[in-house]
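Right, one structure below, let's go through it.
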Amino acid sequence: MLSSLEMTFQTYIWILLPELKFLVFLFLVFVGVIMSFEGKKILVTGVCGTIGSALVHALLSDEYGPGVNVVGIDINESEIFYLANQYKDLGSAKFRLIDIRDRDALVKVFKGVNIVIHAAALKHVAICEDNPDEMLQTNLLGVRNVIHAANINRVEKVVFTSSDKAVNPSSNMGASKLVGEGLIRSASKEAGAEGPIFASTRFGNVLGSRGSVIPIFLRQIQEKSPLTLTHKEMTRFVMGIDQAVTLVLDSVSLARGGEIFVTKMPILAVLGLAEVMLNHFAAMDVGIKEIGIKPGEKLYEELMTEPESQRAIELEKYFVIFPSEDRVNTASETDYGQIVARELKGQYNSHLGPFMTHGEILAFLKSNDLLSFDGVS
């Protein structure tokens, strides 16, 4: 497990030096990531979500080489319209109103696609608890449909976006992500050497994404009402939107089949986040109100289980969980870059810390532009 000093250093690299982080990223993975996208047709499901739209923006930027074509699909009619209008002058971007529950539609739109990034899902714990049938249709049958369409069209790679809530899940949403990872792992095994490469990524809490706690806190500060915490001891692994995009695109490059890629993330005490935001806006008199843990919610999150840690390796920025232990010893630095460790020790649990200091939290919020009231409603 990373020491407190190592975690603190890593936090400063990710939070305080975003420009350096970006330059190092370009230098280290230029051939592996950028060249792998040159001339590729990449399809993103859930393109109207925070991560999906950020992926499109990144892929259509100059950094990922010439000739990148993007197809984005979603069921949000209004947002699809706005995205299509935003990129209307680019012939390299197309947006389609398609439901991932519709297998036949997926088979058609996957034709000619090289890479699929599957970001579509019902992601809110409370919504999935209250609507289990809808969650099943989208989060599980949707994954199965993506796998089917990828196999039919001989797509090169499929990356599934999962969550740390898949580890020892306590909610419908977390359980669906765990099963989704299993479906992807099985698809990889069944595809063999000739079929698509399937892999997963495991996110922490993406601060600033739709439905995350920061917009809620900002609205409450604006309304001068107490900031609501479900529990004052709640902790989370956190990442910014840019870091989430980097994880997904690195995973596309690194995937060899069946892996789960997990970012090394700083740990946040949610109470500390509330205190930093109240102090920043000079709103300490507003106060904090504890409202109780919601159904399916956990006090802490985990990056991987103990059995998973026995079949994982550590890279500079990521952990890579393999489907079997034998790949730990055969994993090549040619495929994954520098391997820091082939034997992981300790627990990867957000309750154990080390936690971001108030200063580090504030730097994170500023560097990710998360302290603006614009768009808060």
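Ordered as shown in the structure tokens, chains take letters A, B, and onward, while each chain numbers its residues from 1 and ligands are numbered from 1 in the order shown.
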
With only C-alpha atoms counted and 10 Å as the cut-off, give the residues of segment 169-219 of chain A in contact with segment 97-116 of chain A, each with its shortest interatomic distance in Å and the pair that gives it, as JSON lines.
{"residue": "A:Pro196", "atom": "CA", "partner": "A:Ile115", "partner_atom": "CA", "distance": 9.2}
{"residue": "A:Ile197", "atom": "CA", "partner": "A:Ile115", "partner_atom": "CA", "distance": 9.5}
{"residue": "A:Phe198", "atom": "CA", "partner": "A:Val116", "partner_atom": "CA", "distance": 9.5}

request  = Apply DSSP to the structure's backbone, then extract all residues of segment 219-360 of chain A labelled alpha helix (DSSP H) and return them as a PyMOL selection string.
outcome  = chain A and resi 219-222+241-254+270-280+306-309+326-330+333-336+358-360

Once you have the residues from the selection above, write them out as a PDB file, in the first residue's frame, restricted to C-alpha atoms.
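Saved the output as again_28.pdb:
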ATOM      1  CA  ARG A 219     -26.630  25.226  -4.420  1.00  0.00           C
ATOM      2  CA  GLN A 220     -27.002  24.957  -0.653  1.00  0.00           C
ATOM      3  CA  ILE A 221     -24.373  27.658  -0.088  1.00  0.00           C
ATOM      4  CA  GLN A 222     -26.145  29.856  -2.616  1.00  0.00           C
ATOM      5  CA  ILE A 241     -13.138  14.732 -15.047  1.00  0.00           C
ATOM      6  CA  ASP A 242      -9.829  15.102 -16.908  1.00  0.00           C
ATOM      7  CA  GLN A 243      -8.302  12.298 -14.853  1.00  0.00           C
ATOM      8  CA  ALA A 244     -11.289  10.067 -15.623  1.00  0.00           C
ATOM      9  CA  VAL A 245     -10.892  10.740 -19.341  1.00  0.00           C
ATOM     10  CA  THR A 246      -7.178   9.954 -19.145  1.00  0.00           C
ATOM     11  CA  LEU A 247      -7.929   6.664 -17.362  1.00  0.00           C
ATOM     12  CA  VAL A 248     -10.341   5.587 -20.092  1.00  0.00           C
ATOM     13  CA  LEU A 249      -8.090   6.528 -23.000  1.00  0.00           C
ATOM     14  CA  ASP A 250      -4.992   5.009 -21.388  1.00  0.00           C
ATOM     15  CA  SER A 251      -6.998   1.847 -20.793  1.00  0.00           C
ATOM     16  CA  VAL A 252      -7.946   1.660 -24.457  1.00  0.00           C
ATOM     17  CA  SER A 253      -4.261   1.773 -25.336  1.00  0.00           C
ATOM     18  CA  LEU A 254      -3.041  -0.633 -22.647  1.00  0.00           C
ATOM     19  CA  VAL A 270     -16.578  14.383   2.703  1.00  0.00           C
ATOM     20  CA  LEU A 271     -16.788  16.419   5.914  1.00  0.00           C
ATOM     21  CA  GLY A 272     -13.449  18.003   4.994  1.00  0.00           C
ATOM     22  CA  LEU A 273     -14.826  18.925   1.562  1.00  0.00           C
ATOM     23  CA  ALA A 274     -17.845  20.611   3.157  1.00  0.00           C
ATOM     24  CA  GLU A 275     -15.635  22.544   5.576  1.00  0.00           C
ATOM     25  CA  VAL A 276     -13.325  23.725   2.780  1.00  0.00           C
ATOM     26  CA  MET A 277     -16.234  24.956   0.656  1.00  0.00           C
ATOM     27  CA  LEU A 278     -17.892  26.746   3.572  1.00  0.00           C
ATOM     28  CA  ASN A 279     -14.605  28.425   4.482  1.00  0.00           C
ATOM     29  CA  HIS A 280     -13.852  29.392   0.867  1.00  0.00           C
ATOM     30  CA  GLU A 306      -8.217  -9.040  -1.338  1.00  0.00           C
ATOM     31  CA  PRO A 307      -8.528 -11.814  -3.976  1.00  0.00           C
ATOM     32  CA  GLU A 308      -8.248  -9.191  -6.726  1.00  0.00           C
ATOM     33  CA  SER A 309      -5.067  -7.772  -5.191  1.00  0.00           C
ATOM     34  CA  ASP A 326      -0.777 -16.393 -13.967  1.00  0.00           C
ATOM     35  CA  ARG A 327      -0.833 -13.111 -15.896  1.00  0.00           C
ATOM     36  CA  VAL A 328       0.765 -11.273 -12.961  1.00  0.00           C
ATOM     37  CA  ASN A 329       4.069 -13.007 -13.688  1.00  0.00           C
ATOM     38  CA  THR A 330       3.776 -12.936 -17.472  1.00  0.00           C
ATOM     39  CA  GLU A 333       6.541  -3.925 -19.584  1.00  0.00           C
ATOM     40  CA  THR A 334       6.352  -3.799 -23.369  1.00  0.00           C
ATOM     41  CA  ASP A 335       2.566  -3.962 -22.987  1.00  0.00           C
ATOM     42  CA  TYR A 336       2.008  -1.947 -19.804  1.00  0.00           C
ATOM     43  CA  HIS A 358      -7.860  21.115   3.522  1.00  0.00           C
ATOM     44  CA  GLY A 359      -5.186  22.802   1.408  1.00  0.00           C
ATOM     45  CA  GLU A 360      -5.047  19.895  -1.021  1.00  0.00           C
TER      46      GLU A 360
END

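Proximity to segment 164-175 of chain A at 8 Å, evaluated using only C-alpha atoms and with sequence-adjacent residues fewer than 2 positions away removed, yields A:Leu122, A:Lys123, A:His124, A:Val125, A:Cys128, A:Glu129, A:Pro132, A:Met135, A:Ser162, A:Lys177, A:Leu178, A:Val179, A:Arg202, A:Phe203, A:Gly204, A:Pro295, A:Gly296, A:Glu297, A:Lys298, A:Glu301, A:Glu302, A:Leu303, A:Met304, A:Thr305.
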
query = Hey, which of A:Glu233, A:Glu79, A:Glu259, A:Asp62 ends up closest to Thr50 of chain A? Count only C-alpha atoms.
reply = A:Glu79

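Distance annotation: of A:Ile313, A:Ala187, A:Leu136, A:Ile361, the residue with the minimal separation from Ala341 of chain A is A:Ile313; atom set is only C-alpha atoms.
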
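Nearest to Ser367 of chain A of all the residues A:Leu90, A:Ile260, A:Leu207, A:Val286 is A:Leu207, counting only C-alpha atoms.
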